[in-house]
>>> print(open('input16.txt').read())   # compact mmCIF, C-alpha atoms and all ligand atoms
# COMPACT_ATOMS: atom_id res chain seq x y z
CA MET W 243 18.15 249.22 148.76
CA SER W 244 20.97 251.74 148.98
CA ILE W 245 21.52 254.01 151.98
CA ILE W 246 21.62 257.78 151.49
CA LYS W 247 22.25 260.46 154.10
CA VAL W 248 21.33 264.09 153.51
CA VAL W 249 23.62 266.06 155.82
CA TYR W 250 22.86 269.74 156.17
CA PHE W 251 23.14 272.86 158.29
CA SER W 252 20.47 275.53 158.22
CA GLY W 253 20.36 278.74 160.26
CA SER W 254 16.94 280.08 159.30
CA GLY W 255 15.22 277.20 157.50
CA ASN W 256 15.84 277.75 153.78
CA THR W 257 18.46 275.04 153.42
CA LYS W 258 16.37 272.78 155.63
CA ALA W 259 13.42 273.11 153.22
CA LEU W 260 15.71 272.22 150.31
CA ALA W 261 17.20 269.30 152.30
CA GLU W 262 13.67 267.94 152.84
CA ALA W 263 13.03 268.09 149.10
CA VAL W 264 16.31 266.31 148.31
CA ASN W 265 15.47 263.66 150.91
CA ALA W 266 11.98 263.21 149.46
CA GLY W 267 13.46 262.61 146.01
CA ALA W 268 16.07 260.17 147.30
CA SER W 269 13.49 258.31 149.41
CA ARG W 270 11.55 257.29 146.28
CA SER W 271 14.03 254.51 145.56
CA ALA W 272 16.51 254.43 148.46
CA GLU W 273 16.61 254.42 152.23
CA SER W 274 17.31 258.11 152.79
CA GLU W 275 17.68 259.99 156.06
CA LEU W 276 17.99 263.68 156.92
CA MET W 277 20.85 264.46 159.30
CA GLU W 278 21.05 268.01 160.64
CA ILE W 279 24.28 269.56 161.89
CA THR W 280 23.60 271.78 164.90
CA GLY W 281 25.76 274.24 166.80
CA GLU W 282 25.80 271.97 169.87
CA MET W 283 27.84 269.43 167.88
CA ILE W 284 30.69 271.94 167.73
CA ILE W 285 32.64 272.13 170.97
CA GLU W 286 35.52 274.58 171.34
CA GLY W 287 35.56 275.01 167.56
CA ARG W 288 35.65 271.30 166.76
CA PHE W 289 32.88 269.05 165.40
CA LYS W 290 32.45 266.40 168.07
CA ASN W 291 29.80 263.78 167.35
CA GLU W 292 31.27 260.36 166.61
CA GLU W 293 27.83 258.73 166.45
CA PHE W 294 26.84 261.14 163.65
CA LEU W 295 30.01 260.32 161.68
CA ALA W 296 29.66 256.57 162.27
CA LYS W 297 26.19 256.64 160.70
CA LEU W 298 27.70 258.21 157.60
CA ASP W 299 30.24 255.39 157.38
CA GLN W 300 27.30 253.09 156.53
CA ALA W 301 26.02 255.24 153.65
CA ASP W 302 26.36 254.52 149.94
CA ALA W 303 25.89 258.22 149.19
CA ILE W 304 26.08 261.45 151.20
CA ILE W 305 24.42 264.63 149.95
CA PHE W 306 25.70 267.83 151.59
CA GLY W 307 23.64 271.00 152.07
CA SER W 308 24.66 274.38 153.45
CA PRO W 309 23.65 278.00 153.16
CA THR W 310 26.28 280.13 151.46
CA TYR W 311 27.92 282.24 154.15
CA MET W 312 30.47 284.82 153.04
CA GLY W 313 30.92 283.01 149.73
CA MET W 314 31.46 279.53 151.18
CA VAL W 315 29.85 276.80 153.25
CA SER W 316 28.74 277.93 156.71
CA GLY W 317 31.24 277.69 159.57
CA GLN W 318 29.20 274.85 161.09
CA MET W 319 29.46 272.84 157.86
CA LYS W 320 33.20 273.53 157.64
CA CYS W 321 33.67 272.31 161.22
CA PHE W 322 31.81 269.14 160.25
CA PHE W 323 34.00 268.71 157.15
CA ASP W 324 37.14 269.22 159.24
CA GLY W 325 35.81 266.65 161.71
CA THR W 326 35.98 263.97 158.99
CA SER W 327 39.79 264.12 158.68
CA GLN W 328 40.24 260.78 160.45
CA ARG W 329 38.04 259.21 157.75
CA TRP W 330 40.26 260.85 155.16
CA PHE W 331 43.35 259.24 156.72
CA GLN W 332 41.70 255.84 156.68
CA GLY W 333 39.95 256.18 153.30
CA THR W 334 36.67 255.24 154.97
CA TRP W 335 34.51 257.23 152.56
CA ASN W 336 36.43 256.30 149.39
CA SER W 337 34.09 255.57 146.44
CA LYS W 338 30.92 256.68 148.23
CA LEU W 339 28.76 258.92 146.06
CA ALA W 340 28.44 262.61 146.95
CA ALA W 341 26.40 265.60 145.83
CA GLY W 342 25.54 269.04 147.16
CA PHE W 343 23.10 271.90 147.39
CA THR W 344 23.12 275.45 148.73
CA THR W 345 20.85 278.42 149.31
CA SER W 346 21.74 282.10 149.37
CA LEU W 347 20.20 285.56 149.31
CA GLY W 348 21.96 286.91 146.23
CA LEU W 349 21.07 285.76 142.75
CA SER W 350 24.71 284.79 142.46
CA GLY W 351 25.77 285.30 146.08
CA ASP W 352 28.90 283.28 145.20
CA LYS W 353 27.03 279.98 145.54
CA GLN W 354 29.38 278.41 142.97
CA SER W 355 32.19 278.76 145.46
CA THR W 356 30.18 276.81 148.07
CA LEU W 357 29.39 273.94 145.70
CA SER W 358 32.91 273.84 144.28
CA TYR W 359 34.27 273.58 147.80
CA MET W 360 31.87 270.73 148.65
CA ALA W 361 33.04 268.90 145.53
CA THR W 362 36.70 269.47 146.48
CA PHE W 363 35.96 268.04 149.92
CA ALA W 364 34.34 264.99 148.30
CA PHE W 365 37.26 264.52 145.90
CA GLN W 366 39.68 264.64 148.85
CA HIS W 367 37.82 261.69 150.33
CA GLY W 368 37.92 259.81 147.01
CA MET W 369 34.15 260.15 146.72
CA ILE W 370 32.38 260.24 143.36
CA TRP W 371 30.66 263.58 142.76
CA ILE W 372 27.22 263.56 141.15
CA GLY W 373 26.23 266.84 139.52
CA CYS W 374 22.80 268.33 138.92
CA ASP W 375 21.34 267.51 135.50
CA ALA W 376 17.91 269.10 136.03
CA PRO W 377 16.82 271.04 132.94
CA ASN W 378 16.58 274.81 133.16
CA GLU W 379 12.85 275.07 132.50
CA LEU W 380 13.03 278.81 131.82
CA PHE W 381 13.94 277.65 128.32
CA GLN W 382 10.58 275.86 128.16
CA GLY W 383 8.70 279.04 129.09
CA LYS W 384 8.11 278.26 132.77
CA SER W 385 8.09 281.11 135.30
CA MET W 386 10.96 281.97 137.67
CA GLU W 387 8.84 280.47 140.50
CA GLU W 388 8.09 277.16 138.81
CA ALA W 389 11.10 276.48 136.61
CA THR W 390 13.55 273.81 137.69
CA ASN W 391 17.21 274.81 137.70
CA ARG W 392 16.39 278.46 136.92
CA LEU W 393 19.90 279.42 138.13
CA ASN W 394 21.40 276.96 135.65
CA SER W 395 23.72 275.16 138.04
CA ASN W 396 25.29 271.81 137.20
CA THR W 397 27.80 271.39 140.04
CA GLY W 398 24.91 271.01 142.47
CA VAL W 399 21.55 272.53 143.32
CA MET W 400 21.38 276.28 143.88
CA SER W 401 18.44 278.07 145.43
CA GLN W 402 18.09 281.83 145.87
CA VAL W 403 15.76 282.96 148.64
CA ASN W 404 14.75 286.56 149.35
CA PHE W 405 15.32 287.97 152.83
CA GLY W 406 12.46 287.49 155.31
CA ASP W 407 10.57 284.73 157.11
CA GLU W 408 7.81 284.80 154.48
CA PHE W 409 10.24 283.55 151.79
CA MET W 410 11.49 280.05 151.14
CA PRO W 411 12.96 278.22 148.13
CA THR W 412 10.67 278.48 145.10
CA PRO W 413 8.63 275.41 144.03
CA GLY W 414 11.02 275.09 141.08
CA ASP W 415 14.09 275.12 143.34
CA LEU W 416 12.49 272.49 145.60
CA LYS W 417 11.69 270.35 142.57
CA THR W 418 15.34 270.70 141.49
CA GLY W 419 16.34 269.40 144.92
CA GLU W 420 13.99 266.43 144.53
CA LEU W 421 15.52 265.65 141.14
CA LEU W 422 19.02 265.66 142.64
CA GLY W 423 17.89 263.24 145.36
CA GLU W 424 16.34 260.96 142.73
CA ARG W 425 19.49 261.06 140.60
CA VAL W 426 21.82 260.19 143.49
CA ALA W 427 19.51 257.32 144.49
CA LYS W 428 19.49 256.02 140.90
CA PHE W 429 23.30 255.78 140.84
CA ALA W 430 23.54 254.52 144.43
CA ASN W 431 21.21 251.65 143.52
CA LYS W 432 23.46 250.72 140.58
CA LYS W 433 26.64 250.56 142.72
C1 LIG M 1 26.74 284.98 158.13
C2 LIG M 1 25.96 285.04 156.84
C3 LIG M 1 26.65 285.14 155.65
C4 LIG M 1 25.96 285.16 154.43
N1 LIG M 1 26.66 285.25 153.27
C5 LIG M 1 26.01 285.25 152.09
C6 LIG M 1 26.74 285.29 150.86
O1 LIG M 1 27.96 285.26 150.80
N2 LIG M 1 26.00 285.34 149.71
C7 LIG M 1 24.63 285.40 149.70
O2 LIG M 1 24.04 285.51 148.64
N3 LIG M 1 23.93 285.29 150.86
C8 LIG M 1 24.59 285.21 152.05
N4 LIG M 1 23.87 285.09 153.21
C9 LIG M 1 22.43 284.83 153.14
C10 LIG M 1 22.14 283.32 153.28
O3 LIG M 1 22.95 282.56 152.41
C11 LIG M 1 20.69 283.00 152.94
O4 LIG M 1 19.83 283.77 153.71
C12 LIG M 1 20.41 281.50 153.10
O5 LIG M 1 19.28 281.15 152.37
C13 LIG M 1 20.24 281.12 154.56
O6 LIG M 1 19.96 279.75 154.64
P1 LIG M 1 19.28 279.09 155.92
O7 LIG M 1 17.89 279.66 156.05
O8 LIG M 1 19.30 277.65 155.65
O9 LIG M 1 20.14 279.47 157.08
C14 LIG M 1 24.54 285.07 154.42
C15 LIG M 1 23.87 284.97 155.64
C16 LIG M 1 24.54 284.94 156.83
C17 LIG M 1 23.78 284.79 158.13
>>> encode(input="input16.txt", output="structure tokens", more="lines below")
Ligand SMILES: Cc1cc2nc3c(=O)[nH]c(=O)nc-3n(C[C@H](O)[C@H](O)[C@H](O)COP(=O)(O)O)c2cc1C
Amino acid sequence: MSIIKVVYFSGSGNTKALAEAVNAGASRSAESELMEITGEMIIEGRFKNEEFLAKLDQADAIIFGSPTYMGMVSGQMKCFFDGTSQRWFQGTWNSKLAAGFTTSLGLSGDKQSTLSYMATFAFQHGMIWIGCDAPNELFQGKSMEEATNRLNSNTGVMSQVNFGDEFMPTPGDLKTGELLGERVAKFANKK
């Protein structure tokens, strides 16, 4: 069984909910684990948690999740990415599979920039990027709440969440996350 890690940062819970959905999808056919990046892992502006990174060395696939902050991954996620530079030098993550997901407030919110950056990061490591192939079910007449991939993203999973504690990713966005997890697991199991 392949090993998948779902690495995410979440400030107010939206990305966490999507991470749980991705992990649920991946867990159907792989050994998948959620790994949360927290502020305490960043000391004097640097990501410092070797144990966290060492666990990722064992993975066949890593799926990255971050809210979109100012049109990019969150600062915490960027610190984590920067903290992998030693792996880049050594090619440790070369040929692992990678994928990504993000949440934001705006319908666009510049989420594409976040996912494109995650893919660039993965390409730098020599990882193999898996996109999102979930159908946009708006075309099949489903509602904005229920439709998978309603934002029509193929680079990775996008979820838009309104402002306020009462809101979270729609059932359709969560289902899209599950489908991404399933897809990554399918390819990881073929490796
Ligand atoms: C510092 C900051 C910057 C943000 N920048 C954007 C942005 O560029 N585009 C957008 O649509 N939403 C932006 N948002 C809203 C978040 O992306 C959105 O609320 C997201 O779902 C939060 O995810 P979380 O609950 O996992 O923290 C920003 C929020 C914060 C706190």
>>> residues_near_ligand(input="input16.txt", ligand="ligand LIG 1 (chain M)", cutoff="8 Å", atoms="all atoms listed in the file", output="VMD selection string")
chain W and resid 251 to 259 308 to 314 316 344 to 353 401 to 405 410
>>> closest_residue(input="input16.txt", among="W:Gln354, W:Asp324, W:Asn431, W:Glu424", to="Arg270 in chain W", atoms="all atoms listed in the file")
W:Glu424
>>> atom_distance(input="input16.txt", atom1="CA of Gln318 in chain W", atom2="CA of Met369 in chain W")
21.1 Å
>>> residues_near_point(input="input16.txt", point="(12.1, 267.2, 141.1)", cutoff="10 Å", atoms="all atoms listed in the file", output="ChimeraX atom specification")
/W:263-264,266-267,376,390-391,413-425
>>> write_last_selection(input="input16.txt", atoms="C-alpha atoms", output="PDB file, keeping the file's coordinate frame")
ATOM      1  CA  ALA W 263      13.030 268.090 149.100  1.00  0.00           C
ATOM      2  CA  VAL W 264      16.310 266.310 148.310  1.00  0.00           C
ATOM      3  CA  ALA W 266      11.980 263.210 149.460  1.00  0.00           C
ATOM      4  CA  GLY W 267      13.460 262.610 146.010  1.00  0.00           C
ATOM      5  CA  ALA W 376      17.910 269.100 136.030  1.00  0.00           C
ATOM      6  CA  THR W 390      13.550 273.810 137.690  1.00  0.00           C
ATOM      7  CA  ASN W 391      17.210 274.810 137.700  1.00  0.00           C
ATOM      8  CA  PRO W 413       8.630 275.410 144.030  1.00  0.00           C
ATOM      9  CA  GLY W 414      11.020 275.090 141.080  1.00  0.00           C
ATOM     10  CA  ASP W 415      14.090 275.120 143.340  1.00  0.00           C
ATOM     11  CA  LEU W 416      12.490 272.490 145.600  1.00  0.00           C
ATOM     12  CA  LYS W 417      11.690 270.350 142.570  1.00  0.00           C
ATOM     13  CA  THR W 418      15.340 270.700 141.490  1.00  0.00           C
ATOM     14  CA  GLY W 419      16.340 269.400 144.920  1.00  0.00           C
ATOM     15  CA  GLU W 420      13.990 266.430 144.530  1.00  0.00           C
ATOM     16  CA  LEU W 421      15.520 265.650 141.140  1.00  0.00           C
ATOM     17  CA  LEU W 422      19.020 265.660 142.640  1.00  0.00           C
ATOM     18  CA  GLY W 423      17.890 263.240 145.360  1.00  0.00           C
ATOM     19  CA  GLU W 424      16.340 260.960 142.730  1.00  0.00           C
ATOM     20  CA  ARG W 425      19.490 261.060 140.600  1.00  0.00           C
TER      21      ARG W 425
END
>>> residues_near_point(input="input16.txt", point="(23.5, 271.5, 147.1)", cutoff="7 Å", atoms="all atoms listed in the file", output="PyMOL selection string")
chain W and resi 306-307+341-344+357+398-400
>>> write_last_selection(input="input16.txt", atoms="C-alpha atoms", output="PDB file, keeping the file's coordinate frame")
ATOM      1  CA  PHE W 306      25.700 267.830 151.590  1.00  0.00           C
ATOM      2  CA  GLY W 307      23.640 271.000 152.070  1.00  0.00           C
ATOM      3  CA  ALA W 341      26.400 265.600 145.830  1.00  0.00           C
ATOM      4  CA  GLY W 342      25.540 269.040 147.160  1.00  0.00           C
ATOM      5  CA  PHE W 343      23.100 271.900 147.390  1.00  0.00           C
ATOM      6  CA  THR W 344      23.120 275.450 148.730  1.00  0.00           C
ATOM      7  CA  LEU W 357      29.390 273.940 145.700  1.00  0.00           C
ATOM      8  CA  GLY W 398      24.910 271.010 142.470  1.00  0.00           C
ATOM      9  CA  VAL W 399      21.550 272.530 143.320  1.00  0.00           C
ATOM     10  CA  MET W 400      21.380 276.280 143.880  1.00  0.00           C
TER      11      MET W 400
END
>>> closest_residue(input="input16.txt", among="W:Lys320, W:Ala261, W:Ile246, W:Ala272", to="Gly287 in chain W", atoms="all atoms listed in the file")
W:Lys320
>>> closest_atom_pairs(input="input16.txt", of="range 279-368 of chain W", to="range 426-429 of chain W", cutoff="9 Å", atoms="only C-alpha atoms", output="tab-separated table")
residue	atom	partner	partner_atom	distance
W:Ala303	CA	W:Val426	CA	7.3
W:Ile304	CA	W:Val426	CA	8.9
W:Ile305	CA	W:Val426	CA	8.3
W:Leu339	CA	W:Val426	CA	7.5
W:Ala340	CA	W:Val426	CA	7.9
W:Ala341	CA	W:Val426	CA	7.5
>>> atom_distance(input="input16.txt", atom1="CA of Ile370 in chain W", atom2="CA of Ser327 in chain W")
17.5 Å
>>> residues_around(input="input16.txt", residues="Asp299 in chain W", least_positions_apart="5", cutoff="9 Å", atoms="all atoms listed in the file", output="list in words")
Arg329, Thr334 and Trp335 of chain W
>>> build_atoms(input="input16.txt", residues="range 343-354 of chain W", atoms="all heavy atoms", output="tab-separated table (two decimals), keeping the file's coordinate frame")
chain	number	residue	atom	x	y	z
W	343	PHE	N	24.07	270.83	147.68
W	343	PHE	CA	23.10	271.90	147.39
W	343	PHE	C	23.33	273.06	148.34
W	343	PHE	O	23.88	272.89	149.42
W	343	PHE	CB	21.66	271.37	147.50
W	343	PHE	CG	21.30	270.78	148.84
W	343	PHE	CD1	20.70	271.55	149.82
W	343	PHE	CD2	21.56	269.44	149.12
W	343	PHE	CE1	20.35	270.99	151.06
W	343	PHE	CE2	21.21	268.88	150.34
W	343	PHE	CZ	20.61	269.65	151.30
W	344	THR	N	22.94	274.27	147.89
W	344	THR	CA	23.12	275.45	148.73
W	344	THR	C	22.02	276.46	148.47
W	344	THR	O	21.39	276.46	147.41
W	344	THR	CB	24.50	276.09	148.48
W	344	THR	OG1	24.70	277.15	149.42
W	344	THR	CG2	24.63	276.67	147.08
W	345	THR	N	21.78	277.31	149.47
W	345	THR	CA	20.85	278.42	149.31
W	345	THR	C	21.61	279.71	149.63
W	345	THR	O	22.57	279.70	150.39
W	345	THR	CB	19.64	278.34	150.25
W	345	THR	OG1	20.07	278.57	151.60
W	345	THR	CG2	18.95	276.99	150.18
W	346	SER	N	21.16	280.80	149.02
W	346	SER	CA	21.74	282.10	149.37
W	346	SER	C	20.73	283.20	149.07
W	346	SER	O	19.70	282.96	148.44
W	346	SER	CB	23.05	282.35	148.63
W	346	SER	OG	22.82	282.95	147.38
W	347	LEU	N	21.07	284.40	149.52
W	347	LEU	CA	20.20	285.56	149.31
W	347	LEU	C	20.41	286.18	147.93
W	347	LEU	O	19.46	286.54	147.24
W	347	LEU	CB	20.51	286.59	150.40
W	347	LEU	CG	19.80	287.92	150.34
W	347	LEU	CD1	18.29	287.74	150.49
W	347	LEU	CD2	20.32	288.83	151.45
W	348	GLY	N	21.65	286.28	147.52
W	348	GLY	CA	21.96	286.91	146.23
W	348	GLY	C	21.65	285.98	145.08
W	348	GLY	O	21.70	284.76	145.22
W	349	LEU	N	21.33	286.59	143.93
W	349	LEU	CA	21.07	285.76	142.75
W	349	LEU	C	22.31	284.92	142.43
W	349	LEU	O	22.21	283.73	142.17
W	349	LEU	CB	20.71	286.63	141.54
W	349	LEU	CG	19.24	286.90	141.32
W	349	LEU	CD1	19.04	287.82	140.13
W	349	LEU	CD2	18.45	285.62	141.12
W	350	SER	N	23.47	285.56	142.48
W	350	SER	CA	24.71	284.79	142.46
W	350	SER	C	25.07	284.47	143.91
W	350	SER	O	25.00	283.32	144.32
W	350	SER	CB	25.85	285.58	141.79
W	350	SER	OG	27.07	285.03	142.21
W	351	GLY	N	25.44	285.49	144.66
W	351	GLY	CA	25.77	285.30	146.08
W	351	GLY	C	27.02	284.46	146.27
W	351	GLY	O	27.33	284.05	147.38
W	352	ASP	N	27.70	284.13	145.18
W	352	ASP	CA	28.90	283.28	145.20
W	352	ASP	C	28.61	281.84	145.61
W	352	ASP	O	29.45	281.15	146.19
W	352	ASP	CB	30.01	283.91	146.07
W	352	ASP	CG	30.48	285.23	145.47
W	352	ASP	OD1	30.71	285.27	144.24
W	352	ASP	OD2	30.58	286.22	146.20
W	353	LYS	N	27.40	281.39	145.25
W	353	LYS	CA	27.03	279.98	145.54
W	353	LYS	C	27.95	278.97	144.85
W	353	LYS	O	28.15	277.88	145.35
W	353	LYS	CB	25.58	279.72	145.10
W	353	LYS	CG	24.54	280.34	146.01
W	353	LYS	CD	23.13	279.93	145.63
W	353	LYS	CE	22.57	280.64	144.43
W	353	LYS	NZ	22.41	282.09	144.57
W	354	GLN	N	28.51	279.35	143.67
W	354	GLN	CA	29.38	278.41	142.97
W	354	GLN	C	30.57	278.02	143.83
W	354	GLN	O	31.02	276.87	143.83
W	354	GLN	CB	29.86	279.04	141.64
W	354	GLN	CG	30.74	278.12	140.81
W	354	GLN	CD	29.98	276.88	140.32
W	354	GLN	OE1	28.83	276.97	139.92
W	354	GLN	NE2	30.64	275.72	140.35
